[in-house]
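K.L.:
Here's a structure for you.
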Amino acid sequence: MGDGPLPYTRAPMTHETDPTIRVRFAPSPTGFLHVGGTRTALFNWLFARHHGATFVLRIEDTDRDRTREEWVDGIQATLRWLGLDWDEGPYRQGDRLGRYLDAAEQLVASGAAYESWLTEAELDAERQTAKTDGGVPRFHERAMEIGPGLPSDDRSRSIWFRTPTSGTAEFDDVVRGHVAAPWDTIADFMIVRSSGDAVFYLANAVDDADMGITHVIRGEDLLDSTHRVLAIRAALGHPGAPVYAHLPLLVGHDRAKLSKRHGAVAVEDFRDAGYLPEALVNYLSLLGFPAPAEGSEVRPVTEVVTDFDLGRVNHSPAFFDHDKLDWMNGEYLRALPVSELVARAGCWCRSATARGDAAAASVDVDAPEFAALLGVAQKRLVTLAEVPGFVAFLFCDESSFRIADDSWDVVVATERVTDVIEAVIVHVETCAWTVEAISLQPVIAALGLKPRTVMSALYAVVEGRHSGLPLFDAMHALGRDRTLGRLRSARARLG
RNA sequence: GCCCCCAUCGUCCAGCGGCCUAGGACACCGCCCUUUCAAGGCGGCGACGGGGGUUCGAAUCCCCUUGGGGGUGCCA
């Protein structure tokens with residue numbers, strides 16, 4: 001294909017509702033769904049919902065060795081947890097091998113592809129030669145020397161697509177604009193493995209055509225592969241092509257493509273760490289897509305759907321910033337009605353218990369005190385995972401209650417601490433048992449002290465750590481007897 | 001090596017030739033509020049990688065350069 005009119009150019013896309021639009025998210029089930037893939041899924045979903053289009057889920061499991069059913073299930077569960085519902089699928093490429101093989105044979109018959117019995121060592125040698133010559137590997141000639149026909153030794157057959165040796169590979173990308181590369185820089189590539197399985201390029205081309213995909217929205221790491229997929233599609237005789245939109249990559253601290261080695265990137269890890277799905281979705285929607293000029297970055301996904309426009313997607317890679325995600329999660333936690341927060345936190349604690357989290361296991365999420373404490377814990381939470389730490393002082397029997405060492409140090413270092421504790425004991429013995437009546441400011445003032453100089457010690461004595469939930473709420477939840485017990489035992493420990 | 005993509009505060013975005021002495025958010029720092037810690041309020045620090053053009057005028061357009069990333073796999 002030479003110069004001239006762009007073979008894959010499409011009309012500008014519409015932003016009106018169009019039910020004929022079909023997009024797909026096509027993850028490879030070789031691991032947990034991670035945040036990069038999730039951002040791709042999200043943008044496909046946003047685009048689909050914005051246009052009233054169909055969102056297809058397709059599992060690209062052409063690599064049998066690395067595919068595991070638990071990943072296939074896990075990816076779907078994670079998408080559901082995030083609220084990214086799909087309209088069709090999941091289709092499995094593993095179920096469609098026959099289609100790919102038929103297509104491959106068609107390509108061989110037409111001369112667009114060729115069969116090869118070359119060994120990996122021979123392929124490597126060809127690549128080395130090509131590199132030395134400053135060119136790109138073409139295996140056809142060598143392949144013909146060995147084949148066609150079944151050789152006598154233990155060679156096995158693979159099928160290769162023969163790329164053009166001149167002309168320009170090109171297409172128009174909604175976010176990148178016109179993308180072009182000389183064909184003589186693109187090597188022949190395998191479309192059917194010696195195992196008989198289809199390779200990504202082939203399966204991708206066939207499926208997008210068969211499934212009537214109109215818009216392909218995916219990561220920029222797939223940008224170069226587009227030329228190959230489009231070439232297969234053209235050679236197969238499929239008219240037209242989808243509109244392509246390549247999203248900027250998500251990167252880690254080193255600006256390299258986000259991956260496992262950058263730490264927790266699996267969405268399930270974020271769920272287990274106490275992040276809310278709506279916060280994660282909201283945060284991800286900010287990476288590569290602008291927030292409204294006026295108004296908040298924190299907004300319901302329905303608003304993002306209304307706003308969404310592929311043409312406004314950014315071009316440059318985005319750093320996945322855990323700090324900003326933390327802030328976002330806190331925003332969502334604070335915005336929750338307390339009853340909802342109690343439900344979510346309770347749910348999180350129960351699932352944490354199943355994972356063997358002792359701190360979460362000790363929390364009685366049905367206790368009325370739990371709900372009362374969450375009301376004051378709410379604006380202090382960054383994640384649900386911090387809940388057990390805040391309420392642990394309440395859900396332990398007195399014999400196992402412990403004051404953290406560094407917090408006891410604070411107690412010991414506090415000015416006139418025994419006077420303070422004794423005065424507080426006297427007050428607690430007799431005051432009315434309401435949060436307001438427990439208030440200790442008058443007690444401390446009566447000693448001629450400023451609250452801020454002694455409060456930390458009291459937090460430590462009652463809650464086990466010198467910084468925690470508001471003390472009077474904590475004491476109220478604990479009850480008069482347990483509170484007195486802790487105050488007296490601290491007094492005794494001080495000697 | 002070759003091909004492709006990208007380039008505004010530390011980070012994520014705004015800016016699409018004059019409204020820019022470059023705006024917002026996160027982070028950071030300070031102050032206020034305050035029973036600790038938070039939350040909240042107020043303020044501060046902080047960027048157009050470099051060089052050429054084009055233009056009356058460039059963060060915005062073009063070229064080069066530098067830097068970063070991606071691809072080049074019997075991974076997708």
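Chain labels follow the order of the structure tokens: the first chain is A, the next B, and so on; residue numbering restarts at 1 in every chain, and ligands are counted from 1 in their shown order.
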Kindly assemble as a tab-separated table a list of the chain B residues that lie within 6 Å of chain A, each paired with its nearest atom pair and their distance in Å to one decimal, using only C-alpha atoms (C1' of nucleotides), sorted first by chain and then by ascending residue number.
P.N.:
residue	atom	partner	partner_atom	distance
B:C6	C1'	A:Ser316	CA	5.3
B:C13	C1'	A:Pro290	CA	5.4
B:C26	C1'	A:Lys324	CA	4.8
B:U36	C1'	A:Ser467	CA	4.8
B:C37	C1'	A:Ser467	CA	5.3
B:A38	C1'	A:Arg380	CA	4.7
B:A39	C1'	A:Lys379	CA	5.3
B:G70	C1'	A:Asp221	CA	5.4
B:G71	C1'	A:Asp224	CA	5.9
B:C74	C1'	A:Arg193	CA	5.1
K.L.:
Write out as JSON, numbers by chain all residues of range 49-226 of chain A that DSSP puts in helix (DSSP H, G or I) for this structure's backbone.
P.N.:
{"A": [49, 50, 51, 69, 70, 71, 72, 73, 74, 75, 76, 77, 78, 79, 80, 81, 82, 93, 94, 95, 97, 98, 99, 100, 101, 102, 103, 104, 105, 106, 107, 108, 109, 110, 120, 121, 122, 123, 124, 125, 126, 127, 128, 129, 130, 131, 132, 140, 141, 142, 143, 144, 145, 146, 183, 184, 185, 200, 201, 202, 203, 204, 205, 206, 207, 208, 209, 210, 220, 221, 222, 225, 226]}
K.L.:
Let me make sure I understand: among A:Ala205, A:Arg138, A:Asp172, A:Ala41, which one has the smallest atom-to-atom distance to Gln93 in chain A if we use only C-alpha atoms?
P.N.:
A:Ala205
K.L.:
At a cut-off of 6 Å, using only C-alpha atoms (C1' of nucleotides), what residues contact range 7-12 of chain B? Leave out same-chain residues fewer than 6 positions from it and give the result as a JSON list (two decimals) with N, CA, C and O atoms (P, O5', C5', C4', C3', O3' and C1' of nucleotides), in the first residue's frame.
P.N.:
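This is the output file around26.json:
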[["chain", "number", "residue", "atom", "x", "y", "z"],
["B", 46, "G", "P", 9.08, 30.48, 44.14],
["B", 46, "G", "O5'", 8.77, 29.24, 43.19],
["B", 46, "G", "C5'", 9.60, 28.08, 43.24],
["B", 46, "G", "C4'", 8.85, 26.92, 42.65],
["B", 46, "G", "C3'", 8.26, 27.19, 41.27],
["B", 46, "G", "O3'", 9.24, 27.02, 40.25],
["B", 46, "G", "C1'", 6.64, 26.14, 42.64],
["B", 47, "A", "P", 9.27, 28.03, 39.05],
["B", 47, "A", "O5'", 8.77, 27.14, 37.83],
["B", 47, "A", "C5'", 9.53, 25.98, 37.44],
["B", 47, "A", "C4'", 8.85, 25.32, 36.28],
["B", 47, "A", "C3'", 8.71, 26.21, 35.04],
["B", 47, "A", "O3'", 9.88, 26.15, 34.25],
["B", 47, "A", "C1'", 6.64, 25.15, 35.51],
["B", 48, "C", "P", 10.32, 27.41, 33.37],
["B", 48, "C", "O5'", 9.18, 27.43, 32.27],
["B", 48, "C", "C5'", 9.47, 26.89, 30.99],
["B", 48, "C", "C4'", 8.30, 26.02, 30.61],
["B", 48, "C", "C3'", 8.33, 25.55, 29.16],
["B", 48, "C", "O3'", 8.26, 24.13, 29.22],
["B", 48, "C", "C1'", 6.29, 26.71, 29.64]]
K.L.:
Would you kindly return, as a PyMOL selection string, each protein, DNA or RNA residue with an atom no farther than 6 Å from any atom of range 345-362 of chain A, considering only C-alpha atoms (C1' of nucleotides) and excluding same-chain residues fewer than 2 positions away?
P.N.:
chain A and resi 341-343+365+384+388
K.L.:
May I have the residues within 12 Å of range 230-241 of chain A as a PyMOL selection string, using only C-alpha atoms (C1' of nucleotides) and disregarding those fewer than 5 positions away in the same chain?
P.N.:
chain A and resi 1+6-11+100+102-113+160-164+168-173+183+186+188-191+199-210+212-216+223-225
K.L.:
Could you give me, as an MDAnalysis selection string, the residues within 8 Å of range 14-19 of chain B, counting only C-alpha atoms (C1' of nucleotides) and dropping anything in the same chain fewer than 5 positions from it?
P.N.:
(chainID A and resid 290 293) or (chainID B and resid 24 57:60)
K.L.:
Set the distance at 9 Å and use only C-alpha atoms (C1' of nucleotides): which residues neighbour Glu369 in chain A once local chain neighbours fewer than 2 positions away are removed? I'd like the list as a list in words.
P.N.:
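My reading of the contact set: Asp364, Val365, Asp366, Ala367, Ala371, Ala372, Leu373, Leu374, Leu394, His476, Ala477 and Leu478 of chain A.
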